[in-house]
Structures are given as C-alpha cells and as structure tokens.
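Raw protein_19.cif, mmCIF, C-alpha atoms and all ligand atoms:
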```
data_work
#
loop_
_atom_site.group_PDB
_atom_site.id
_atom_site.type_symbol
_atom_site.label_atom_id
_atom_site.label_comp_id
_atom_site.auth_asym_id
_atom_site.auth_seq_id
_atom_site.Cartn_x
_atom_site.Cartn_y
_atom_site.Cartn_z
ATOM 1 C CA MET A 8 -40.580 -114.916 -2.025
ATOM 2 C CA ALA A 9 -38.457 -117.760 -3.386
ATOM 3 C CA ALA A 10 -39.479 -118.803 -6.893
ATOM 4 C CA ARG A 11 -41.295 -122.094 -7.137
ATOM 5 C CA LYS A 12 -39.086 -124.762 -8.696
ATOM 6 C CA PRO A 13 -40.738 -126.092 -11.861
ATOM 7 C CA LEU A 14 -41.994 -129.672 -11.579
ATOM 8 C CA ILE A 15 -42.456 -131.920 -14.593
ATOM 9 C CA ALA A 16 -44.160 -135.139 -13.632
ATOM 10 C CA GLY A 17 -44.650 -138.248 -15.744
ATOM 11 C CA ASN A 18 -47.770 -140.301 -15.124
ATOM 12 C CA TRP A 19 -47.237 -143.755 -16.601
ATOM 13 C CA LYS A 20 -50.829 -144.804 -15.806
ATOM 14 C CA MET A 21 -51.326 -148.566 -16.399
ATOM 15 C CA TYR A 22 -48.539 -148.783 -18.978
ATOM 16 C CA GLY A 23 -45.022 -150.189 -18.919
ATOM 17 C CA ARG A 24 -43.380 -153.251 -17.446
ATOM 18 C CA ARG A 25 -40.263 -153.681 -15.333
ATOM 19 C CA ALA A 26 -38.173 -153.279 -18.502
ATOM 20 C CA ALA A 27 -39.643 -149.786 -18.996
ATOM 21 C CA LEU A 28 -37.686 -148.602 -15.951
ATOM 22 C CA ALA A 29 -34.721 -148.365 -18.324
ATOM 23 C CA GLU A 30 -36.500 -145.346 -19.847
ATOM 24 C CA ALA A 31 -36.613 -143.668 -16.432
ATOM 25 C CA VAL A 32 -32.918 -144.333 -15.945
ATOM 26 C CA ALA A 33 -32.124 -143.054 -19.461
ATOM 27 C CA LEU A 34 -33.826 -139.768 -18.584
ATOM 28 C CA GLU A 35 -30.833 -138.559 -16.606
ATOM 29 C CA ALA A 36 -28.506 -138.654 -19.602
ATOM 30 C CA ALA A 37 -31.190 -137.424 -22.014
ATOM 31 C CA ALA A 38 -32.203 -134.394 -19.939
ATOM 32 C CA GLY A 39 -28.695 -133.554 -18.740
ATOM 33 C CA GLU A 40 -28.191 -130.364 -16.749
ATOM 34 C CA ALA A 41 -31.839 -129.353 -17.081
ATOM 35 C CA LEU A 42 -32.554 -131.777 -14.228
ATOM 36 C CA GLY A 43 -30.841 -129.548 -11.683
ATOM 37 C CA ARG A 44 -33.046 -126.615 -12.623
ATOM 38 C CA VAL A 45 -36.312 -128.398 -13.201
ATOM 39 C CA GLU A 46 -37.577 -131.141 -10.899
ATOM 40 C CA ALA A 47 -38.434 -134.327 -12.782
ATOM 41 C CA LEU A 48 -40.720 -137.030 -11.422
ATOM 42 C CA ILE A 49 -41.771 -140.437 -12.727
ATOM 43 C CA CYS A 50 -44.951 -142.084 -11.405
ATOM 44 C CA PRO A 51 -44.903 -145.748 -12.469
ATOM 45 C CA PRO A 52 -47.551 -148.332 -11.528
ATOM 46 C CA ALA A 53 -47.364 -149.037 -7.768
ATOM 47 C CA VAL A 54 -46.005 -152.535 -8.239
ATOM 48 C CA TYR A 55 -42.851 -151.078 -9.846
ATOM 49 C CA LEU A 56 -42.301 -148.248 -7.362
ATOM 50 C CA ALA A 57 -39.662 -149.941 -5.244
ATOM 51 C CA ALA A 58 -37.723 -151.084 -8.309
ATOM 52 C CA ALA A 59 -37.984 -147.594 -9.805
ATOM 53 C CA ALA A 60 -36.756 -145.984 -6.583
ATOM 54 C CA GLN A 61 -33.839 -148.388 -6.482
ATOM 55 C CA ALA A 62 -32.951 -147.878 -10.151
ATOM 56 C CA LEU A 63 -33.125 -144.088 -9.732
ATOM 57 C CA SER A 64 -31.314 -143.816 -6.406
ATOM 58 C CA GLY A 65 -28.549 -141.276 -6.852
ATOM 59 C CA HIS A 66 -30.277 -139.888 -9.959
ATOM 60 C CA ALA A 67 -31.881 -136.450 -10.150
ATOM 61 C CA VAL A 68 -35.279 -137.962 -10.948
ATOM 62 C CA SER A 69 -37.854 -138.526 -8.183
ATOM 63 C CA VAL A 70 -40.400 -141.299 -7.951
ATOM 64 C CA GLY A 71 -44.089 -140.962 -7.182
ATOM 65 C CA ALA A 72 -47.237 -143.077 -7.022
ATOM 66 C CA GLN A 73 -50.513 -142.671 -8.888
ATOM 67 C CA ASP A 74 -52.953 -143.185 -6.027
ATOM 68 C CA CYS A 75 -53.091 -144.033 -2.323
ATOM 69 C CA SER A 76 -55.560 -145.177 0.291
ATOM 70 C CA PRO A 77 -57.472 -142.484 2.210
ATOM 71 C CA ASN A 78 -56.650 -144.463 5.376
ATOM 72 C CA ALA A 79 -53.602 -142.997 7.049
ATOM 73 C CA GLU A 80 -53.418 -145.868 9.564
ATOM 74 C CA ASP A 81 -52.768 -149.517 8.733
ATOM 75 C CA ALA A 82 -56.148 -151.216 8.438
ATOM 76 C CA ALA A 83 -58.017 -154.198 7.006
ATOM 77 C CA ARG A 84 -58.485 -152.763 3.485
ATOM 78 C CA THR A 85 -57.826 -155.555 0.996
ATOM 79 C CA GLY A 86 -56.228 -154.323 -2.213
ATOM 80 C CA GLU A 87 -55.373 -150.861 -0.866
ATOM 81 C CA VAL A 88 -51.893 -149.410 -0.600
ATOM 82 C CA SER A 89 -51.290 -146.775 2.073
ATOM 83 C CA ALA A 90 -49.312 -143.587 1.597
ATOM 84 C CA ALA A 91 -46.927 -144.780 4.317
ATOM 85 C CA MET A 92 -46.223 -147.913 2.252
ATOM 86 C CA LEU A 93 -45.591 -145.815 -0.862
ATOM 87 C CA ALA A 94 -43.166 -143.655 1.116
ATOM 88 C CA ASP A 95 -41.508 -146.799 2.452
ATOM 89 C CA ALA A 96 -41.095 -148.049 -1.130
ATOM 90 C CA GLY A 97 -39.308 -144.831 -2.096
ATOM 91 C CA ALA A 98 -42.050 -142.504 -3.337
ATOM 92 C CA ALA A 99 -41.805 -138.773 -2.653
ATOM 93 C CA TYR A 100 -45.068 -137.767 -4.350
ATOM 94 C CA VAL A 101 -48.471 -139.279 -5.009
ATOM 95 C CA ILE A 102 -51.044 -138.243 -7.609
ATOM 96 C CA VAL A 103 -54.572 -138.155 -6.159
ATOM 97 C CA GLY A 104 -57.904 -137.493 -7.824
ATOM 98 C CA HIS A 105 -56.749 -138.033 -11.391
ATOM 99 C CA SER A 106 -59.791 -137.696 -13.672
ATOM 100 C CA GLU A 107 -59.516 -141.382 -14.599
ATOM 101 C CA ARG A 108 -59.964 -142.279 -10.931
ATOM 102 C CA ARG A 109 -62.759 -139.747 -10.519
ATOM 103 C CA ALA A 110 -64.522 -141.202 -13.601
ATOM 104 C CA PHE A 111 -63.803 -144.952 -13.400
ATOM 105 C CA HIS A 112 -63.703 -145.293 -9.610
ATOM 106 C CA GLN A 113 -66.309 -142.677 -8.717
ATOM 107 C CA GLU A 114 -63.876 -140.749 -6.530
ATOM 108 C CA SER A 115 -65.484 -137.717 -4.917
ATOM 109 C CA ASN A 116 -63.797 -134.460 -3.979
ATOM 110 C CA ASP A 117 -64.087 -135.475 -0.353
ATOM 111 C CA LEU A 118 -62.320 -138.799 -0.939
ATOM 112 C CA VAL A 119 -59.582 -137.048 -2.924
ATOM 113 C CA ARG A 120 -59.065 -134.597 -0.039
ATOM 114 C CA GLN A 121 -58.781 -137.498 2.427
ATOM 115 C CA LYS A 122 -56.177 -139.150 0.173
ATOM 116 C CA ALA A 123 -54.207 -135.899 -0.068
ATOM 117 C CA GLU A 124 -54.230 -135.555 3.712
ATOM 118 C CA ALA A 125 -53.176 -139.202 4.165
ATOM 119 C CA ALA A 126 -50.318 -138.527 1.747
ATOM 120 C CA GLN A 127 -49.156 -135.524 3.761
ATOM 121 C CA ALA A 128 -49.376 -137.499 7.003
ATOM 122 C CA ALA A 129 -46.948 -140.007 5.466
ATOM 123 C CA GLY A 130 -44.578 -137.258 4.348
ATOM 124 C CA LEU A 131 -45.545 -137.463 0.674
ATOM 125 C CA ALA A 132 -46.329 -134.451 -1.497
ATOM 126 C CA PRO A 133 -49.833 -134.871 -2.949
ATOM 127 C CA ILE A 134 -50.495 -133.889 -6.567
ATOM 128 C CA VAL A 135 -54.235 -133.108 -6.559
ATOM 129 C CA CYS A 136 -55.791 -133.225 -10.035
ATOM 130 C CA VAL A 137 -58.712 -131.037 -11.067
ATOM 131 C CA GLY A 138 -60.302 -130.290 -14.426
ATOM 132 C CA GLU A 139 -63.581 -129.823 -16.244
ATOM 133 C CA THR A 140 -65.251 -132.198 -18.709
ATOM 134 C CA GLU A 141 -65.993 -131.160 -22.263
ATOM 135 C CA ALA A 142 -69.696 -130.720 -21.456
ATOM 136 C CA GLU A 143 -68.837 -128.458 -18.526
ATOM 137 C CA ARG A 144 -66.539 -126.347 -20.698
ATOM 138 C CA ASN A 145 -69.177 -126.071 -23.421
ATOM 139 C CA ALA A 146 -71.679 -124.944 -20.800
ATOM 140 C CA GLY A 147 -69.303 -122.157 -19.756
ATOM 141 C CA GLU A 148 -68.685 -123.813 -16.376
ATOM 142 C CA ALA A 149 -64.967 -124.603 -16.606
ATOM 143 C CA ALA A 150 -63.863 -121.938 -14.126
ATOM 144 C CA SER A 151 -66.602 -122.623 -11.573
ATOM 145 C CA VAL A 152 -66.152 -126.412 -11.736
ATOM 146 C CA VAL A 153 -62.392 -126.176 -11.268
ATOM 147 C CA ALA A 154 -62.742 -123.635 -8.448
ATOM 148 C CA ALA A 155 -65.179 -125.932 -6.641
ATOM 149 C CA GLN A 156 -62.854 -128.913 -7.088
ATOM 150 C CA VAL A 157 -59.903 -126.964 -5.699
ATOM 151 C CA ARG A 158 -61.938 -125.886 -2.674
ATOM 152 C CA ALA A 159 -63.251 -129.376 -1.914
ATOM 153 C CA SER A 160 -60.418 -131.735 -2.862
ATOM 154 C CA THR A 161 -57.294 -129.994 -1.571
ATOM 155 C CA PRO A 162 -55.978 -130.812 1.920
ATOM 156 C CA ALA A 163 -56.453 -128.526 4.947
ATOM 157 C CA GLN A 164 -52.749 -127.631 4.938
ATOM 158 C CA ALA A 165 -50.678 -126.523 1.934
ATOM 159 C CA ARG A 166 -47.638 -128.587 2.985
ATOM 160 C CA GLY A 167 -45.966 -130.061 -0.130
ATOM 161 C CA LEU A 168 -49.136 -129.580 -2.148
ATOM 162 C CA VAL A 169 -49.092 -129.576 -5.952
ATOM 163 C CA VAL A 170 -52.276 -128.983 -7.989
ATOM 164 C CA ALA A 171 -52.553 -130.226 -11.576
ATOM 165 C CA TYR A 172 -55.115 -128.583 -13.847
ATOM 166 C CA GLU A 173 -56.051 -131.233 -16.395
ATOM 167 C CA PRO A 174 -59.081 -130.562 -18.589
ATOM 168 C CA VAL A 175 -60.636 -134.023 -18.983
ATOM 169 C CA TRP A 176 -61.242 -133.482 -22.707
ATOM 170 C CA ALA A 177 -57.563 -132.706 -23.306
ATOM 171 C CA ILE A 178 -56.266 -135.943 -21.763
ATOM 172 C CA GLY A 179 -55.175 -138.780 -24.015
ATOM 173 C CA GLY A 180 -56.103 -137.066 -27.286
ATOM 174 C CA ASN A 181 -54.516 -134.407 -29.411
ATOM 175 C CA ARG A 182 -56.428 -131.357 -28.260
ATOM 176 C CA THR A 183 -55.253 -128.807 -25.739
ATOM 177 C CA PRO A 184 -56.889 -125.589 -24.549
ATOM 178 C CA THR A 185 -55.603 -122.356 -26.031
ATOM 179 C CA LEU A 186 -52.810 -120.663 -24.133
ATOM 180 C CA ASP A 187 -55.315 -118.028 -22.961
ATOM 181 C CA GLU A 188 -57.694 -120.701 -21.685
ATOM 182 C CA ILE A 189 -54.887 -122.329 -19.702
ATOM 183 C CA ARG A 190 -53.836 -118.935 -18.310
ATOM 184 C CA GLU A 191 -57.406 -118.161 -17.282
ATOM 185 C CA ILE A 192 -57.956 -121.405 -15.367
ATOM 186 C CA HIS A 193 -54.542 -121.265 -13.717
ATOM 187 C CA ALA A 194 -55.453 -117.808 -12.419
ATOM 188 C CA VAL A 195 -58.690 -119.262 -11.032
ATOM 189 C CA VAL A 196 -56.743 -122.058 -9.283
ATOM 190 C CA ARG A 197 -54.251 -119.560 -7.834
ATOM 191 C CA ALA A 198 -57.036 -117.338 -6.517
ATOM 192 C CA GLU A 199 -58.719 -120.312 -4.836
ATOM 193 C CA LEU A 200 -55.447 -121.421 -3.290
ATOM 194 C CA ALA A 201 -54.771 -117.919 -1.981
ATOM 195 C CA GLY A 202 -58.240 -117.865 -0.412
ATOM 196 C CA ARG A 203 -57.697 -121.284 1.161
ATOM 197 C CA TYR A 204 -54.106 -121.027 2.389
ATOM 198 C CA GLY A 205 -53.230 -117.312 2.471
ATOM 199 C CA GLN A 206 -49.456 -116.784 2.351
ATOM 200 C CA ASP A 207 -48.826 -120.542 2.339
ATOM 201 C CA ALA A 208 -50.363 -120.750 -1.141
ATOM 202 C CA GLU A 209 -47.168 -119.188 -2.508
ATOM 203 C CA SER A 210 -45.368 -122.521 -2.174
ATOM 204 C CA VAL A 211 -48.048 -124.526 -4.021
ATOM 205 C CA ARG A 212 -47.076 -125.435 -7.563
ATOM 206 C CA VAL A 213 -49.820 -125.521 -10.187
ATOM 207 C CA LEU A 214 -49.145 -127.785 -13.166
ATOM 208 C CA TYR A 215 -50.919 -128.053 -16.490
ATOM 209 C CA GLY A 216 -51.732 -131.546 -17.831
ATOM 210 C CA GLY A 217 -53.442 -132.933 -20.932
ATOM 211 C CA SER A 218 -51.677 -133.794 -24.204
ATOM 212 C CA VAL A 219 -48.415 -132.055 -23.309
ATOM 213 C CA ASN A 220 -45.779 -133.078 -25.858
ATOM 214 C CA PRO A 221 -42.308 -131.944 -26.969
ATOM 215 C CA LYS A 222 -43.873 -129.569 -29.527
ATOM 216 C CA ASN A 223 -46.338 -127.667 -27.327
ATOM 217 C CA ALA A 224 -44.442 -127.799 -23.992
ATOM 218 C CA GLY A 225 -42.397 -124.624 -24.546
ATOM 219 C CA ASP A 226 -45.484 -122.487 -25.198
ATOM 220 C CA ILE A 227 -47.337 -123.977 -22.230
ATOM 221 C CA PHE A 228 -44.389 -123.399 -19.872
ATOM 222 C CA GLY A 229 -44.301 -119.780 -21.004
ATOM 223 C CA ILE A 230 -47.776 -119.121 -19.608
ATOM 224 C CA GLU A 231 -47.865 -117.037 -16.448
ATOM 225 C CA GLY A 232 -48.876 -119.170 -13.478
ATOM 226 C CA VAL A 233 -47.882 -122.524 -14.981
ATOM 227 C CA ASP A 234 -45.291 -124.146 -12.708
ATOM 228 C CA GLY A 235 -44.727 -127.270 -14.790
ATOM 229 C CA ALA A 236 -46.643 -130.166 -16.297
ATOM 230 C CA LEU A 237 -48.234 -133.518 -15.618
ATOM 231 C CA VAL A 238 -47.458 -135.628 -18.665
ATOM 232 C CA GLY A 239 -49.041 -138.946 -19.629
ATOM 233 C CA ARG A 240 -48.122 -140.654 -22.911
ATOM 234 C CA ALA A 241 -45.101 -138.490 -23.649
ATOM 235 C CA SER A 242 -43.480 -139.489 -20.335
ATOM 236 C CA LEU A 243 -43.099 -143.143 -21.327
ATOM 237 C CA LYS A 244 -40.116 -142.558 -23.611
ATOM 238 C CA ALA A 245 -36.998 -140.905 -22.203
ATOM 239 C CA ALA A 246 -36.348 -138.952 -25.409
ATOM 240 C CA ASP A 247 -39.816 -137.357 -25.439
ATOM 241 C CA PHE A 248 -39.933 -136.678 -21.717
ATOM 242 C CA ALA A 249 -36.427 -135.191 -21.786
ATOM 243 C CA ALA A 250 -37.436 -132.941 -24.694
ATOM 244 C CA ILE A 251 -40.362 -131.652 -22.603
ATOM 245 C CA ILE A 252 -38.104 -131.039 -19.586
ATOM 246 C CA LYS A 253 -35.585 -129.194 -21.750
ATOM 247 C CA ALA A 254 -38.369 -127.051 -23.232
ATOM 248 C CA HIS A 255 -38.860 -125.339 -19.870
ATOM 249 C CA PRO A 256 -37.341 -121.835 -19.885
ATOM 250 C CA ALA A 257 -35.728 -122.530 -16.481
ATOM 251 C CA ALA A 258 -33.858 -125.484 -18.011
ATOM 252 C CA LEU A 259 -31.816 -123.328 -20.361
HETATM 253 P P1 LIG A 301 -51.727 -137.292 -21.601
HETATM 254 O O1 LIG A 301 -52.200 -137.615 -20.110
HETATM 255 O O2 LIG A 301 -50.467 -136.464 -21.490
HETATM 256 O O3 LIG A 301 -51.468 -138.626 -22.232
HETATM 257 O O4 LIG A 301 -52.837 -136.520 -22.248
HETATM 258 C C1 LIG A 301 -52.080 -136.645 -19.094
HETATM 259 C C2 LIG A 301 -52.631 -137.166 -17.806
HETATM 260 O O5 LIG A 301 -53.668 -137.844 -17.790
HETATM 261 O O6 LIG A 301 -52.042 -136.908 -16.736
#
```
Let me see the file written as structure tokens.
Amino acid sequence: MAARKPLIAGNWKMYGRRAALAEAVALEAAAGEALGRVEALICPPAVYLAAAAQALSGHAVSVGAQDCSPNAEDAARTGEVSAAMLADAGAAYVIVGHSERRAFHQESNDLVRQKAEAAQAAGLAPIVCVGETEAERNAGEAASVVAAQVRASTPAQARGLVVAYEPVWAIGGNRTPTLDEIREIHAVVRAELAGRYGQDAESVRVLYGGSVNPKNAGDIFGIEGVDGALVGRASLKAADFAAIIKAHPAAL
C-alpha cells in the first residue's frame, strides 16, 4: 500500500482580506522543500478563492473552500455556491461539516454527507469534519459520537475523501486533547472508515484539528494514524503555518 501523503490544511474561516493572500504566497518560500513532501492547502473565504488560485498558480500550495451547496446541479438557490463553481474558481478541496457550520447553521450529518457527495461530483476532495462537544466528552461519549458522525456524514464513495477529527472544545482556544486521546479517536475513525469503505479506506487521510500550533504540531504529527492537520488561527500567518508544515516528520 502506498503511504498516504500528509495533508496540512489552513482554514482561514471568516478572517483575512485580499491583502492576506500575500501570506499564502509567502508560504512557498517559508516552507521551502517541505512542500514537496507534505501537501499544503489554504482555504480562504469563498470570495477570495479565484484570486488565491491565481496568486498560487505554479506554487506548491493548493486552494480549497470552506463550504459548498448540497445541490450538485445549478439551481435557484440564492446565496449558495456550488461545488462546481468552487472547482471552476480553482479549488481542489472543500471543507464540509465544520463544527461552526454544524452549530451556527444547524447542519445535520445528512446535509454534510450530501455536500461531500456534491463536492466529489464536481471533482473536489471533501474534507468532512467530525468531533465531539465538551459535554459529550465529559459524558464519556466522544468515541461513540465521532463514530456516528463518520458513519452518517461521509459520502458513499471514498474518492478523494479526507476526514478531520476536530474536538469542538479544542477549537479556537488553547486546549488540546492528550496525545493518547487523539490516538484513540483516530483509531475509532479508521475503524469506521474500514467498515464503510473496505480496502478503499486506505486512501482516506484522517487529520487532527483544534488549536494546532508550531509548538504542539510535531507531537501531534507523531501520533499513529494522524495524516496531517486542519489548522485555523495558526494558518493565517505564513511563518506560523510554515513552522507547522516543517514540524511534520515527512518534511525533514
Ligand atoms: P483553530 O481552528 O486551529 O483556530 O483551533 C481549527 C479549526 O476550526 O479548523
């Protein structure tokens, strides 16, 4: 089996302006040769996707979106952006089911699965996010909640699929699970994927996300079953994001 290429994805959320694209461009020089060994991805707000794709053309950094419509076909859906449009604008990936969308936009597992399948239909690789809340972890339900999310929000086919395990309570703060806790949930995700896709699950990368920074990235990347990271705040500055990319053992 070919090893899965590590993926380190930056989720800019609703931050940055056009001028911030200079940080994405600066990443190439800051991360240097690590970029050939580790795949780097920037997901800016949708309105900047085309400019980001243009600025990064010829660079070893890919561009992705943060959400897409569940409608694969063009339709009267005011305010929505289809996966085909994101692909047309230069995206290669799209994040779906981020916990902020699940929480603030009431996105269900079923809707997230439809978005992932629409992404695949447009040739995009979906990054499906899963993760337990603090209350669920405290109740001892982290593994069962994440397993259920993987079963219900991943697409029917494994094609291009990436899963990001992001404990909701670890996002945007300063807390991360212990290395053992991350290892345990990644094993749960892997087992679910194997049950769902059989052999095809081997190609699915499973990322960790939630307060990844230049200091903790090396330890997190060393955990068995972690194929990279989904990074929020620390992806906004080229120096920080490059330090995370270079912290991956495959980058050395
Ligand atoms: P954070 O965000 O790195 O700022 O915690 C991660 C995410 O929400 O993807």
Have a look at atom CA of Asp247 of chain A and atom CA of Cys75 of chain A and let me know their distance in Å, one decimal.
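Atom CA of Asp247 of chain A sits 27.5 Å away from atom CA of Cys75 of chain A.
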Could you spell out the hits of the PyMOL selection byres (((chain A and resi 60) around 12) and not hetatm) on the shown file, as a CSV table (one decimal) with C-alpha atoms, in the frame of the given file?
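What ended up in expr29.csv:
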```
chain,number,residue,atom,x,y,z
A,28,LEU,CA,-37.7,-148.6,-16.0
A,31,ALA,CA,-36.6,-143.7,-16.4
A,32,VAL,CA,-32.9,-144.3,-15.9
A,48,LEU,CA,-40.7,-137.0,-11.4
A,49,ILE,CA,-41.8,-140.4,-12.7
A,50,CYS,CA,-45.0,-142.1,-11.4
A,51,PRO,CA,-44.9,-145.7,-12.5
A,53,ALA,CA,-47.4,-149.0,-7.8
A,54,VAL,CA,-46.0,-152.5,-8.2
A,55,TYR,CA,-42.9,-151.1,-9.8
A,56,LEU,CA,-42.3,-148.2,-7.4
A,57,ALA,CA,-39.7,-149.9,-5.2
A,58,ALA,CA,-37.7,-151.1,-8.3
A,59,ALA,CA,-38.0,-147.6,-9.8
A,61,GLN,CA,-33.8,-148.4,-6.5
A,62,ALA,CA,-33.0,-147.9,-10.2
A,63,LEU,CA,-33.1,-144.1,-9.7
A,64,SER,CA,-31.3,-143.8,-6.4
A,65,GLY,CA,-28.5,-141.3,-6.9
A,66,HIS,CA,-30.3,-139.9,-10.0
A,67,ALA,CA,-31.9,-136.4,-10.2
A,68,VAL,CA,-35.3,-138.0,-10.9
A,69,SER,CA,-37.9,-138.5,-8.2
A,70,VAL,CA,-40.4,-141.3,-8.0
A,71,GLY,CA,-44.1,-141.0,-7.2
A,72,ALA,CA,-47.2,-143.1,-7.0
A,93,LEU,CA,-45.6,-145.8,-0.9
A,94,ALA,CA,-43.2,-143.7,1.1
A,95,ASP,CA,-41.5,-146.8,2.5
A,96,ALA,CA,-41.1,-148.0,-1.1
A,97,GLY,CA,-39.3,-144.8,-2.1
A,98,ALA,CA,-42.0,-142.5,-3.3
A,99,ALA,CA,-41.8,-138.8,-2.7
A,100,TYR,CA,-45.1,-137.8,-4.4
```
Sorted by chain and rising residue number, list the residues of chain A at most 12 Å from ligand LIG 301 (chain A) (counting only C-alpha atoms and all ligand atoms), each with its closest atom pair and distance in Å to one decimal, as a Markdown table.
```
| residue | atom | partner | partner_atom | distance |
| --- | --- | --- | --- | --- |
| A:Ile15 | CA | A:LIG301 | O6 | 11.0 |
| A:Ala16 | CA | A:LIG301 | O6 | 8.7 |
| A:Gly17 | CA | A:LIG301 | O6 | 7.6 |
| A:Asn18 | CA | A:LIG301 | O6 | 5.7 |
| A:Trp19 | CA | A:LIG301 | O6 | 8.4 |
| A:Lys20 | CA | A:LIG301 | O5 | 7.8 |
| A:Met21 | CA | A:LIG301 | O5 | 11.1 |
| A:Tyr22 | CA | A:LIG301 | O3 | 11.1 |
| A:Ile49 | CA | A:LIG301 | O6 | 11.6 |
| A:Cys50 | CA | A:LIG301 | O6 | 10.3 |
| A:Gln73 | CA | A:LIG301 | O6 | 9.9 |
| A:Ile102 | CA | A:LIG301 | O6 | 9.3 |
| A:Val103 | CA | A:LIG301 | O6 | 10.9 |
| A:Gly104 | CA | A:LIG301 | O6 | 10.7 |
| A:His105 | CA | A:LIG301 | O5 | 7.1 |
| A:Ser106 | CA | A:LIG301 | O5 | 7.4 |
| A:Glu107 | CA | A:LIG301 | O5 | 7.5 |
| A:Arg108 | CA | A:LIG301 | O5 | 10.3 |
| A:Arg109 | CA | A:LIG301 | O5 | 11.8 |
| A:Ile134 | CA | A:LIG301 | O6 | 10.7 |
| A:Val135 | CA | A:LIG301 | O6 | 11.1 |
| A:Cys136 | CA | A:LIG301 | O6 | 8.5 |
| A:Val137 | CA | A:LIG301 | O6 | 10.5 |
| A:Gly138 | CA | A:LIG301 | O5 | 10.6 |
| A:Val170 | CA | A:LIG301 | O6 | 11.8 |
| A:Ala171 | CA | A:LIG301 | O6 | 8.5 |
| A:Tyr172 | CA | A:LIG301 | O6 | 9.3 |
| A:Glu173 | CA | A:LIG301 | O6 | 7.0 |
| A:Pro174 | CA | A:LIG301 | O5 | 9.1 |
| A:Val175 | CA | A:LIG301 | O5 | 8.0 |
| A:Trp176 | CA | A:LIG301 | O4 | 8.9 |
| A:Ala177 | CA | A:LIG301 | O4 | 6.2 |
| A:Ile178 | CA | A:LIG301 | O4 | 3.5 |
| A:Gly179 | CA | A:LIG301 | O4 | 3.7 |
| A:Gly180 | CA | A:LIG301 | O4 | 6.0 |
| A:Asn181 | CA | A:LIG301 | O4 | 7.7 |
| A:Arg182 | CA | A:LIG301 | O4 | 8.7 |
| A:Thr183 | CA | A:LIG301 | O4 | 8.8 |
| A:Pro184 | CA | A:LIG301 | O4 | 11.9 |
| A:Leu214 | CA | A:LIG301 | O6 | 10.2 |
| A:Tyr215 | CA | A:LIG301 | O6 | 8.9 |
| A:Gly216 | CA | A:LIG301 | C1 | 5.3 |
| A:Gly217 | CA | A:LIG301 | O4 | 3.9 |
| A:Ser218 | CA | A:LIG301 | O4 | 3.6 |
| A:Val219 | CA | A:LIG301 | O2 | 5.2 |
| A:Asn220 | CA | A:LIG301 | O2 | 7.2 |
| A:Pro221 | CA | A:LIG301 | O2 | 10.8 |
| A:Asn223 | CA | A:LIG301 | O2 | 11.3 |
| A:Ala224 | CA | A:LIG301 | O2 | 10.8 |
| A:Ala236 | CA | A:LIG301 | O6 | 8.6 |
| A:Leu237 | CA | A:LIG301 | O6 | 5.2 |
| A:Val238 | CA | A:LIG301 | O2 | 4.2 |
| A:Gly239 | CA | A:LIG301 | O2 | 3.4 |
| A:Arg240 | CA | A:LIG301 | O3 | 4.0 |
| A:Ala241 | CA | A:LIG301 | O2 | 6.1 |
| A:Ser242 | CA | A:LIG301 | O2 | 7.7 |
| A:Leu243 | CA | A:LIG301 | O3 | 9.6 |
| A:Asp247 | CA | A:LIG301 | O2 | 11.4 |
| A:Phe248 | CA | A:LIG301 | O2 | 10.5 |
| A:Ile251 | CA | A:LIG301 | O2 | 11.2 |
```
Just want the 7 Å neighbourhood of Glu139 of chain A, counted on only C-alpha atoms, with same-chain residues fewer than 2 positions away dropped. Output as a ChimeraX atom specification.
/A:141,143-144,149,152-153,174-175
Quick one: everything within 9 Å of Ala91 of chain A, counting all atoms listed in the file, minus sequence neighbours fewer than 2 positions away in the same chain. Send it as an MDAnalysis selection string.
chainID A and resid 79:81 88:89 93:96 125:126 128:131
